[in-house]
Amino acid sequence: MKNPKVFMIALLVVPWLTLPLLGRKAFKRFLPTAIFMCTFTKALDFYGEKKNWWKFYNGIGPFDSMNFMNFGAYLVTSLWVLKLTFGKLPLFIISNTLLHVTFIFGGLKFVEGFKIFSLEQLTKFQYLVLSFFRCLILYAFQYITELNPLKKSFFYKKWIR
């Protein structure tokens, strides 16, 4: 099966099917951070493409191929990793590093074969370092979100929780 469009749709839809297992409370707690990281990653995608670090292929309609991975697998994986490891920084770093090493040194060829994206002027090690810094930003943003004094307000307790 070498149909990139079917693969892109699967990258977007299949991870979302795991969300009922995540739980409503965890979803609400970690969604703002996951959305922030997807937005940050999208900005990094634009910058990296401009610098010719990587290349994204045509997606479906007006979306490039990376949108399907970013708003599917990456967003949902961020939610799961935060749920399973937040509050345990060493475990968070180890699990994220293992996920990124597995993707970069194993799954990247698979993704290139389906014309999602490919590294151009960035080595795999440089991409791993970049991914590591992204995971630190993910954890830091969630940590800051947890410290937010608005969470103690009446509005937050009544409407958001």
# chains A, B, ... in the order shown; residues from 1 in each chain; ligands from 1
>>> residues_around(residues="stretch 62-67 of chain A", least_positions_apart="3", cutoff="12 Å", atoms="only C-alpha atoms", output="PyMOL selection string")
chain A and resi 4-9+11-12+38-39+41-46+49+54-59+70-75+111-112+114-118
>>> write_last_selection(atoms="C-alpha atoms", output="mmCIF file, in the first residue's frame")
data_model
loop_
_atom_site.group_PDB
_atom_site.id
_atom_site.type_symbol
_atom_site.label_atom_id
_atom_site.label_comp_id
_atom_site.auth_asym_id
_atom_site.auth_seq_id
_atom_site.Cartn_x
_atom_site.Cartn_y
_atom_site.Cartn_z
ATOM 1 C CA PRO A 4 0.073 8.660 0.569
ATOM 2 C CA LYS A 5 -3.396 10.195 0.858
ATOM 3 C CA VAL A 6 -4.825 7.196 2.704
ATOM 4 C CA PHE A 7 -1.762 7.196 4.961
ATOM 5 C CA MET A 8 -2.163 10.942 5.685
ATOM 6 C CA ILE A 9 -5.810 10.505 6.623
ATOM 7 C CA LEU A 11 -2.170 9.715 10.512
ATOM 8 C CA LEU A 12 -4.854 12.259 11.299
ATOM 9 C CA CYS A 38 1.308 21.984 17.536
ATOM 10 C CA THR A 39 1.249 25.712 16.838
ATOM 11 C CA THR A 41 5.773 23.036 15.651
ATOM 12 C CA LYS A 42 3.887 24.526 12.707
ATOM 13 C CA ALA A 43 5.883 27.762 13.069
ATOM 14 C CA LEU A 44 9.073 25.707 13.272
ATOM 15 C CA ASP A 45 7.952 23.813 10.147
ATOM 16 C CA PHE A 46 7.651 27.078 8.208
ATOM 17 C CA GLU A 49 11.247 24.703 5.257
ATOM 18 C CA TRP A 54 13.322 19.593 5.507
ATOM 19 C CA LYS A 55 10.834 19.283 2.707
ATOM 20 C CA PHE A 56 7.088 18.757 2.987
ATOM 21 C CA TYR A 57 5.178 17.234 0.148
ATOM 22 C CA ASN A 58 1.722 18.151 -1.099
ATOM 23 C CA GLY A 59 -1.038 16.946 1.140
ATOM 24 C CA ASN A 70 1.085 17.477 13.323
ATOM 25 C CA PHE A 71 -2.618 17.599 14.178
ATOM 26 C CA GLY A 72 -3.012 13.840 14.370
ATOM 27 C CA ALA A 73 -0.141 11.751 15.653
ATOM 28 C CA TYR A 74 1.919 14.559 17.198
ATOM 29 C CA LEU A 75 -0.940 16.241 19.071
ATOM 30 C CA VAL A 111 7.344 8.640 6.372
ATOM 31 C CA GLU A 112 9.649 9.583 3.486
ATOM 32 C CA PHE A 114 4.755 7.936 1.869
ATOM 33 C CA LYS A 115 5.850 11.440 0.784
ATOM 34 C CA ILE A 116 5.032 13.157 4.097
ATOM 35 C CA PHE A 117 8.377 14.870 4.634
ATOM 36 C CA SER A 118 12.094 14.312 4.289
#
>>> select_by_dssp(residues="chain A", states="strand (DSSP E)", output="PyMOL selection string")
chain A and resi 54-56+117-119
>>> atom_distance(atom1="atom CA of A:Gln121", atom2="atom CA of A:Lys109")
15.8 Å
>>> select_by_dssp(residues="stretch 9-86 of chain A", states="alpha helix (DSSP H)", output="PyMOL selection string")
chain A and resi 9-13+19-22+24-50+65-68+75-85
>>> closest_atom_pairs(of="stretch 53-153 of chain A", to="stretch 16-37 of chain A", cutoff="10 Å", atoms="only C-alpha atoms", output="Markdown table")
| residue | atom | partner | partner_atom | distance |
| --- | --- | --- | --- | --- |
| A:Asn70 | CA | A:Met37 | CA | 9.3 |
| A:Phe71 | CA | A:Ile35 | CA | 8.6 |
| A:Gly72 | CA | A:Trp16 | CA | 6.8 |
| A:Ala73 | CA | A:Trp16 | CA | 8.0 |
| A:Tyr74 | CA | A:Ala34 | CA | 8.5 |
| A:Leu75 | CA | A:Ala34 | CA | 5.6 |
| A:Val76 | CA | A:Trp16 | CA | 6.6 |
| A:Thr77 | CA | A:Ala34 | CA | 8.8 |
| A:Ser78 | CA | A:Ala34 | CA | 5.8 |
| A:Leu79 | CA | A:Phe30 | CA | 5.9 |
| A:Trp80 | CA | A:Leu22 | CA | 7.0 |
| A:Val81 | CA | A:Phe30 | CA | 9.8 |
| A:Leu82 | CA | A:Phe30 | CA | 6.9 |
| A:Lys83 | CA | A:Ala26 | CA | 6.4 |
| A:Leu84 | CA | A:Leu22 | CA | 9.6 |
| A:Phe86 | CA | A:Phe30 | CA | 9.7 |
| A:Arg134 | CA | A:Met37 | CA | 7.9 |
| A:Cys135 | CA | A:Met37 | CA | 8.9 |
| A:Ile137 | CA | A:Met37 | CA | 8.0 |
| A:Leu138 | CA | A:Met37 | CA | 6.3 |
| A:Tyr139 | CA | A:Thr33 | CA | 8.5 |
| A:Ala140 | CA | A:Thr33 | CA | 9.4 |
| A:Phe141 | CA | A:Thr33 | CA | 6.3 |
| A:Gln142 | CA | A:Thr33 | CA | 5.7 |
| A:Tyr143 | CA | A:Thr33 | CA | 9.5 |
| A:Ile144 | CA | A:Thr33 | CA | 9.8 |
| A:Thr145 | CA | A:Thr33 | CA | 7.8 |
| A:Glu146 | CA | A:Arg29 | CA | 8.7 |
>>> write_last_selection(atoms="N, CA and C atoms", output="PDB file, in the first residue's frame")
ATOM      1  N   ASN A  70       1.040  16.532  12.213  1.00  0.00           N
ATOM      2  CA  ASN A  70       1.085  17.477  13.323  1.00  0.00           C
ATOM      3  C   ASN A  70      -0.207  17.469  14.144  1.00  0.00           C
ATOM      4  N   PHE A  71      -1.340  17.514  13.474  1.00  0.00           N
ATOM      5  CA  PHE A  71      -2.618  17.599  14.178  1.00  0.00           C
ATOM      6  C   PHE A  71      -3.244  16.235  14.458  1.00  0.00           C
ATOM      7  N   GLY A  72      -2.562  15.192  14.076  1.00  0.00           N
ATOM      8  CA  GLY A  72      -3.012  13.840  14.370  1.00  0.00           C
ATOM      9  C   GLY A  72      -2.070  13.187  15.356  1.00  0.00           C
ATOM     10  N   ALA A  73      -1.056  12.536  14.819  1.00  0.00           N
ATOM     11  CA  ALA A  73      -0.141  11.751  15.653  1.00  0.00           C
ATOM     12  C   ALA A  73       0.607  12.601  16.675  1.00  0.00           C
ATOM     13  N   TYR A  74       1.116  13.760  16.277  1.00  0.00           N
ATOM     14  CA  TYR A  74       1.919  14.559  17.198  1.00  0.00           C
ATOM     15  C   TYR A  74       1.076  15.128  18.341  1.00  0.00           C
ATOM     16  N   LEU A  75      -0.088  15.655  18.039  1.00  0.00           N
ATOM     17  CA  LEU A  75      -0.940  16.241  19.071  1.00  0.00           C
ATOM     18  C   LEU A  75      -1.401  15.177  20.066  1.00  0.00           C
ATOM     19  N   VAL A  76      -1.874  14.066  19.581  1.00  0.00           N
ATOM     20  CA  VAL A  76      -2.387  13.012  20.461  1.00  0.00           C
ATOM     21  C   VAL A  76      -1.246  12.366  21.251  1.00  0.00           C
ATOM     22  N   THR A  77      -0.091  12.184  20.632  1.00  0.00           N
ATOM     23  CA  THR A  77       1.055  11.640  21.361  1.00  0.00           C
ATOM     24  C   THR A  77       1.475  12.584  22.482  1.00  0.00           C
ATOM     25  N   SER A  78       1.422  13.883  22.230  1.00  0.00           N
ATOM     26  CA  SER A  78       1.741  14.863  23.277  1.00  0.00           C
ATOM     27  C   SER A  78       0.785  14.711  24.457  1.00  0.00           C
ATOM     28  N   LEU A  79      -0.490  14.534  24.177  1.00  0.00           N
ATOM     29  CA  LEU A  79      -1.467  14.346  25.245  1.00  0.00           C
ATOM     30  C   LEU A  79      -1.151  13.095  26.067  1.00  0.00           C
ATOM     31  N   TRP A  80      -0.860  11.995  25.385  1.00  0.00           N
ATOM     32  CA  TRP A  80      -0.588  10.738  26.079  1.00  0.00           C
ATOM     33  C   TRP A  80       0.702  10.798  26.893  1.00  0.00           C
ATOM     34  N   VAL A  81       1.743  11.370  26.310  1.00  0.00           N
ATOM     35  CA  VAL A  81       3.015  11.448  27.030  1.00  0.00           C
ATOM     36  C   VAL A  81       2.865  12.335  28.260  1.00  0.00           C
ATOM     37  N   LEU A  82       2.149  13.440  28.128  1.00  0.00           N
ATOM     38  CA  LEU A  82       1.928  14.298  29.293  1.00  0.00           C
ATOM     39  C   LEU A  82       1.120  13.573  30.361  1.00  0.00           C
ATOM     40  N   LYS A  83       0.097  12.855  29.955  1.00  0.00           N
ATOM     41  CA  LYS A  83      -0.720  12.155  30.938  1.00  0.00           C
ATOM     42  C   LYS A  83       0.099  11.099  31.688  1.00  0.00           C
ATOM     43  N   LEU A  84       0.905  10.362  30.963  1.00  0.00           N
ATOM     44  CA  LEU A  84       1.627   9.247  31.563  1.00  0.00           C
ATOM     45  C   LEU A  84       2.884   9.657  32.333  1.00  0.00           C
ATOM     46  N   PHE A  86       3.801  13.360  33.168  1.00  0.00           N
ATOM     47  CA  PHE A  86       3.941  14.698  33.739  1.00  0.00           C
ATOM     48  C   PHE A  86       4.085  14.616  35.254  1.00  0.00           C
ATOM     49  N   ARG A 134      12.211  20.665  21.700  1.00  0.00           N
ATOM     50  CA  ARG A 134      10.741  20.795  21.622  1.00  0.00           C
ATOM     51  C   ARG A 134      10.075  20.084  22.785  1.00  0.00           C
ATOM     52  N   CYS A 135      10.587  18.937  23.189  1.00  0.00           N
ATOM     53  CA  CYS A 135       9.971  18.215  24.307  1.00  0.00           C
ATOM     54  C   CYS A 135      10.186  18.972  25.612  1.00  0.00           C
ATOM     55  N   ILE A 137      10.306  22.229  25.855  1.00  0.00           N
ATOM     56  CA  ILE A 137       9.339  23.332  25.780  1.00  0.00           C
ATOM     57  C   ILE A 137       7.945  22.818  26.128  1.00  0.00           C
ATOM     58  N   LEU A 138       7.609  21.630  25.659  1.00  0.00           N
ATOM     59  CA  LEU A 138       6.313  21.020  25.976  1.00  0.00           C
ATOM     60  C   LEU A 138       6.154  20.879  27.490  1.00  0.00           C
ATOM     61  N   TYR A 139       7.144  20.331  28.142  1.00  0.00           N
ATOM     62  CA  TYR A 139       7.075  20.120  29.594  1.00  0.00           C
ATOM     63  C   TYR A 139       7.020  21.459  30.329  1.00  0.00           C
ATOM     64  N   ALA A 140       7.848  22.407  29.909  1.00  0.00           N
ATOM     65  CA  ALA A 140       7.889  23.711  30.570  1.00  0.00           C
ATOM     66  C   ALA A 140       6.553  24.442  30.435  1.00  0.00           C
ATOM     67  N   PHE A 141       5.949  24.368  29.258  1.00  0.00           N
ATOM     68  CA  PHE A 141       4.660  25.040  29.062  1.00  0.00           C
ATOM     69  C   PHE A 141       3.591  24.415  29.952  1.00  0.00           C
ATOM     70  N   GLN A 142       3.582  23.093  30.067  1.00  0.00           N
ATOM     71  CA  GLN A 142       2.602  22.441  30.940  1.00  0.00           C
ATOM     72  C   GLN A 142       2.872  22.800  32.400  1.00  0.00           C
ATOM     73  N   TYR A 143       4.117  22.863  32.781  1.00  0.00           N
ATOM     74  CA  TYR A 143       4.476  23.231  34.146  1.00  0.00           C
ATOM     75  C   TYR A 143       3.984  24.644  34.466  1.00  0.00           C
ATOM     76  N   ILE A 144       4.188  25.572  33.543  1.00  0.00           N
ATOM     77  CA  ILE A 144       3.715  26.947  33.739  1.00  0.00           C
ATOM     78  C   ILE A 144       2.192  26.981  33.780  1.00  0.00           C
ATOM     79  N   THR A 145       1.548  26.195  32.942  1.00  0.00           N
ATOM     80  CA  THR A 145       0.088  26.120  32.934  1.00  0.00           C
ATOM     81  C   THR A 145      -0.437  25.619  34.268  1.00  0.00           C
ATOM     82  N   GLU A 146       0.245  24.648  34.847  1.00  0.00           N
ATOM     83  CA  GLU A 146      -0.172  24.103  36.144  1.00  0.00           C
ATOM     84  C   GLU A 146      -0.043  25.143  37.257  1.00  0.00           C
TER      85      GLU A 146
END
>>> residues_around(residues="A:Leu128", least_positions_apart="5", cutoff="10 Å", atoms="only C-alpha atoms", output="list of chain:residue names")
A:Thr97, A:His100, A:Val101, A:Phe103, A:Ile104, A:Phe105, A:Leu122, A:Thr123, A:Phe133, A:Arg134
>>> write_last_selection(atoms="C-alpha atoms", output="PDB file, in the first residue's frame")
ATOM      1  CA  THR A  97      13.918  10.632  23.802  1.00  0.00           C
ATOM      2  CA  HIS A 100      12.059  10.516  19.001  1.00  0.00           C
ATOM      3  CA  VAL A 101      14.977   8.120  18.477  1.00  0.00           C
ATOM      4  CA  PHE A 103      10.862   7.842  14.908  1.00  0.00           C
ATOM      5  CA  ILE A 104      14.024   9.448  13.545  1.00  0.00           C
ATOM      6  CA  PHE A 105      16.097   6.310  13.121  1.00  0.00           C
ATOM      7  CA  LEU A 122      19.442  18.689   8.615  1.00  0.00           C
ATOM      8  CA  THR A 123      21.075  15.495   9.826  1.00  0.00           C
ATOM      9  CA  PHE A 133      14.357  20.950  22.794  1.00  0.00           C
ATOM     10  CA  ARG A 134      10.741  20.795  21.622  1.00  0.00           C
TER      11      ARG A 134
END
